[in-house]
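**Student:** Right, I'll just put the structure down here and ask away after.
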Amino acid sequence: MRIAINTRLLLPGRLEGMGWYTYELCKRLSEVHPEDEFFFFFDRPHDPTLKFGPNVKMIVLGPKARFAPTYWWWFEVVLPKAFKKYGIEVFFSPDNFCSLRSPVPTALTIHDLSPLHFPEQFAFIHRWHYLYYMPKFMKRAERVISVSNYGKADIQKTLGIAGDKIVVISNGARANFVPISNEVQVQIRTQFSAGEPYFVFIGSLNGRKNLARLVQAYGLFRQNCKSSVKLVLAGRRGWQLQGFDEALQNSPFREDIHLLDYVEEVDLPRLLGSALGLVYVSTFEGFGLPVLEAMCCDTPVICSNASALPEVVGDAALLVDPYDLNNITEAMSRLWHEPGLRQTLIEQARLQRQSYSWDYAAEDLYAVLKEIAKR
């Protein structure tokens with residue numbers, strides 16, 4: 001097959017959630033299927049450190065698709081022309097967007113419906129494009145890929161997309177998310193938390209992540225437990241943080257809350273693997289990759305009982321009501337005071353994480369591409 005993939009999020013030095021999703025699948029598809037030709041389409045120069053096999057052609061097509069008008073032009077004008085030029089037989093788009101004008105059979109990944117449920121949390125310059133086009137993209141695609149069963153049900157309920165059109169292909173965790181030695185943990189705590197134990201949050205800092213309430217719960221935990229545990233927040237600042245700055249400013253433990261911004265790939269698994277626990281009390285997730293990565297690092301997890309998160313963690317986490325400060329605070333206190341509980345969660349996670357693999361995901365995705373290409 002001649003397979004086209006939208007790889008515009010493989011950005012040099014800026015790989016995040018959907019970028020890593022794209023990379024892990026692209027790498028495996030092209031390696032496992034040398035008999036196929038892959039055409040990776042970028043909207044700007046690609047990361048030269050990302051290496052692929054000889055069956056991959058990496059093609060840059062302008063303009064940079066950053067805002068609504070350029071989104072439209074790139075997907076509706078530039079890509080269809082490229083598909084004709086290179087004789088593309090099937091197209092995979094991993095980032096919620098696809099082409100309405102191209103007749104090439106298309107598989108489209110929808111990570112979640114947050115732009116439809118929470119439009120106010122997206123910049124206005126992008127908001128209308130998501131609201132108008134996302135439903136159209138899903139209706140046009142031959143197959144819609146959801147990363148969780150929760151996401152599939154949400155797409156069916158919200159947009160009326162037929163269930164047999166939606167395929168659930170879950171995420172995996174990257175190979176560098178593994179348990180960390182005690183020696184390295186000491187080094188990481190020295191580097192990031194003044195040598196003290198810490199709870200960690202990893203992800204973009206936006207309204208859905210419920211960070212103001214996390215900061216408040218951390219304050220209550222410190223008041224109740226009289227401990228020296230720090231709170232480390234790692235991620236780029238996003239949109240509509242909803243009281244986060246005020247919560248930070250008013251926290252009596254502000255000096256013990258460390259904001260790290262974007263953490264380099266080499267440090268991220270070590271930061272996660274050295275934590276007392278991941279606290280991920282997001283109000284809405286289509287999957288919640290950091291909780292899987294924490295499970296792979298033998299790091300206990302506290303997460304919301306909302307959206308897809310219970311599905312991902314199974315019995316391997318303390319589930320909390322993301323709107324209940326006392327519930328979040330109690331879970332943090334239990335992780336701090338009960339080493340037996342921490343070990344139980346780690347052992348449960350070792351079983352739960354076996355259900356998730358990028359190898360499985362790539363295999364399932366290839367089956368989808370092969371099936372729709374035959375049409």
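Starting from 1 in every chain, residues are counted up; chains themselves are A, B, ... following the order of the structure tokens, and ligands are numbered from 1 as listed.
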Enumerate, as an NGL selection string, the complete set of residues in stretch 134-174 of chain A that a backbone-based DSSP assignment places in strand (DSSP E).
**Tutor:** :A and (143-146 or 166-168)
**Student:** Give me the residues of stretch 229-267 of chain A that have any atom at most 10 Å from an atom of stretch 2-19 of chain A; for each, the nearest atom pair and the distance in Å, rounded to one decimal. Use only C-alpha atoms, sort by chain and number, and format it as a Markdown table.
**Tutor:**
| residue | atom | partner | partner_atom | distance |
| --- | --- | --- | --- | --- |
| A:Gly235 | CA | A:Glu16 | CA | 9.6 |
| A:Arg236 | CA | A:Glu16 | CA | 9.9 |
| A:Tyr262 | CA | A:Arg14 | CA | 8.8 |
| A:Glu264 | CA | A:Gly13 | CA | 8.3 |
| A:Glu265 | CA | A:Leu15 | CA | 8.7 |
**Student:** Could you check the closest approach to A:Gln121 for each of A:Pro135, A:Gly62, A:Gly160, A:Gly238 and tell me which residue wins, using only C-alpha atoms?
**Tutor:**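 Nearest candidate to A:Gln121 out of A:Pro135, A:Gly62, A:Gly160, A:Gly238: A:Gly238.
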**Student:** Sorted by chain and rising residue number, which residues of stretch 49-128 of chain A lie within 9 Å of stretch 284-296 of chain A, and what are their closest atom pairs and distances in Å to one decimal, counting only C-alpha atoms, as a Markdown table?
**Tutor:**
| residue | atom | partner | partner_atom | distance |
| --- | --- | --- | --- | --- |
| A:Ile110 | CA | A:Gly286 | CA | 8.7 |
| A:His111 | CA | A:Gly286 | CA | 5.7 |
| A:Asp112 | CA | A:Gly286 | CA | 4.5 |
| A:Leu113 | CA | A:Gly286 | CA | 7.6 |
| A:Ser114 | CA | A:Phe284 | CA | 7.5 |
**Student:** What's the 12 Å shell around A:Asp267, counting only C-alpha atoms, without same-chain residues fewer than 3 positions away, as a list in words?
**Tutor:**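 Counting only C-alpha atoms, the residues come to Asn176, Phe177, Ile180, Val184, Gln185, Gln187, Ile188, Arg189, Gln191, Phe192, Ala234, Leu260, Tyr262, Val263, Glu264, Arg270, Leu271, Leu272, Gly273 and Ser274 of chain A.
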**Student:** Convert the current residue selection to file output with C-alpha atoms, as a tab-separated table (two decimals), in the first residue's frame.
**Tutor:**
chain	number	residue	atom	x	y	z
A	176	ASN	CA	11.68	4.83	28.53
A	177	PHE	CA	8.90	4.89	31.14
A	180	ILE	CA	13.77	4.04	38.49
A	184	VAL	CA	18.51	7.87	40.59
A	185	GLN	CA	15.45	8.78	42.66
A	187	GLN	CA	19.38	12.46	42.40
A	188	ILE	CA	16.04	13.53	40.91
A	189	ARG	CA	14.65	14.64	44.26
A	191	GLN	CA	17.38	18.27	41.39
A	192	PHE	CA	13.66	19.02	41.43
A	234	ALA	CA	5.41	19.87	34.95
A	260	LEU	CA	8.84	23.24	35.83
A	262	TYR	CA	8.19	21.77	29.70
A	263	VAL	CA	10.43	18.92	30.92
A	264	GLU	CA	12.92	17.43	28.47
A	270	ARG	CA	12.85	9.99	35.91
A	271	LEU	CA	10.77	12.84	37.31
A	272	LEU	CA	7.65	10.67	37.20
A	273	GLY	CA	9.40	7.53	38.45
A	274	SER	CA	10.88	9.29	41.49
**Student:** Residues near stretch 146-159 of chain A, anyone? I mean within 12 Å using only C-alpha atoms, not counting same-chain ones fewer than 6 positions away, as an mmCIF file with C-alpha atoms, in the first residue's frame.
**Tutor:**
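Resulting contents of part.cif:
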data_model
loop_
_atom_site.group_PDB
_atom_site.id
_atom_site.type_symbol
_atom_site.label_atom_id
_atom_site.label_comp_id
_atom_site.auth_asym_id
_atom_site.auth_seq_id
_atom_site.Cartn_x
_atom_site.Cartn_y
_atom_site.Cartn_z
ATOM 1 C CA MET A 18 -0.398 13.850 20.053
ATOM 2 C CA TYR A 21 1.184 9.315 19.632
ATOM 3 C CA PRO A 94 -3.718 11.191 14.122
ATOM 4 C CA ASP A 95 -4.618 14.696 15.329
ATOM 5 C CA ASN A 96 -8.409 15.188 15.104
ATOM 6 C CA ALA A 107 -8.811 6.781 9.240
ATOM 7 C CA LEU A 108 -9.051 9.632 11.749
ATOM 8 C CA THR A 109 -8.058 9.549 15.407
ATOM 9 C CA ILE A 110 -10.237 11.592 17.766
ATOM 10 C CA HIS A 111 -8.483 11.808 21.115
ATOM 11 C CA ASP A 112 -11.453 13.396 22.895
ATOM 12 C CA LEU A 113 -14.338 15.795 22.362
ATOM 13 C CA SER A 114 -13.040 18.502 24.672
ATOM 14 C CA LEU A 116 -17.056 20.423 21.727
ATOM 15 C CA HIS A 117 -17.736 20.015 25.452
ATOM 16 C CA LEU A 131 -16.845 23.367 16.623
ATOM 17 C CA MET A 134 -14.788 18.202 13.968
ATOM 18 C CA PRO A 135 -18.267 16.706 13.477
ATOM 19 C CA LYS A 136 -17.817 16.933 9.702
ATOM 20 C CA PHE A 137 -14.408 15.215 9.889
ATOM 21 C CA MET A 138 -15.882 12.294 11.811
ATOM 22 C CA LYS A 139 -18.783 11.903 9.389
ATOM 23 C CA LYS A 165 -17.695 3.084 12.347
ATOM 24 C CA ILE A 166 -15.656 3.726 15.520
ATOM 25 C CA VAL A 167 -12.689 1.511 16.401
ATOM 26 C CA VAL A 168 -11.130 1.620 19.872
ATOM 27 C CA ILE A 169 -7.326 1.511 19.725
ATOM 28 C CA SER A 170 -5.785 2.414 23.065
ATOM 29 C CA ASN A 171 -2.536 4.245 23.669
ATOM 30 C CA GLY A 172 0.680 2.708 24.932
ATOM 31 C CA PHE A 284 -12.172 15.341 31.463
ATOM 32 C CA GLU A 285 -9.834 13.005 29.573
ATOM 33 C CA GLY A 286 -10.206 10.910 26.453
ATOM 34 C CA PHE A 287 -7.465 8.638 27.826
ATOM 35 C CA GLY A 288 -5.033 10.287 30.255
ATOM 36 C CA LEU A 289 -1.616 9.089 29.110
ATOM 37 C CA ALA A 306 -14.361 10.943 35.683
ATOM 38 C CA SER A 307 -14.381 10.282 31.919
ATOM 39 C CA ALA A 308 -11.850 7.696 30.634
ATOM 40 C CA LEU A 309 -9.515 7.630 33.631
ATOM 41 C CA PRO A 310 -11.221 4.792 35.593
ATOM 42 C CA GLU A 311 -11.135 2.669 32.441
ATOM 43 C CA VAL A 312 -7.387 3.189 32.009
ATOM 44 C CA VAL A 313 -6.317 2.562 35.623
ATOM 45 C CA TYR A 356 -1.561 -1.298 26.774
ATOM 46 C CA TRP A 358 2.131 0.680 21.127
ATOM 47 C CA ALA A 361 -1.971 -0.267 18.767
ATOM 48 C CA ASP A 364 -4.727 -2.776 15.112
ATOM 49 C CA LEU A 365 -4.269 0.472 13.192
#
**Student:** What is the distance between atom CA of A:Pro269 and atom CA of A:Gly203, in Å to one decimal?
**Tutor:**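 Rounded to one decimal, the two atoms are 12.8 Å apart.
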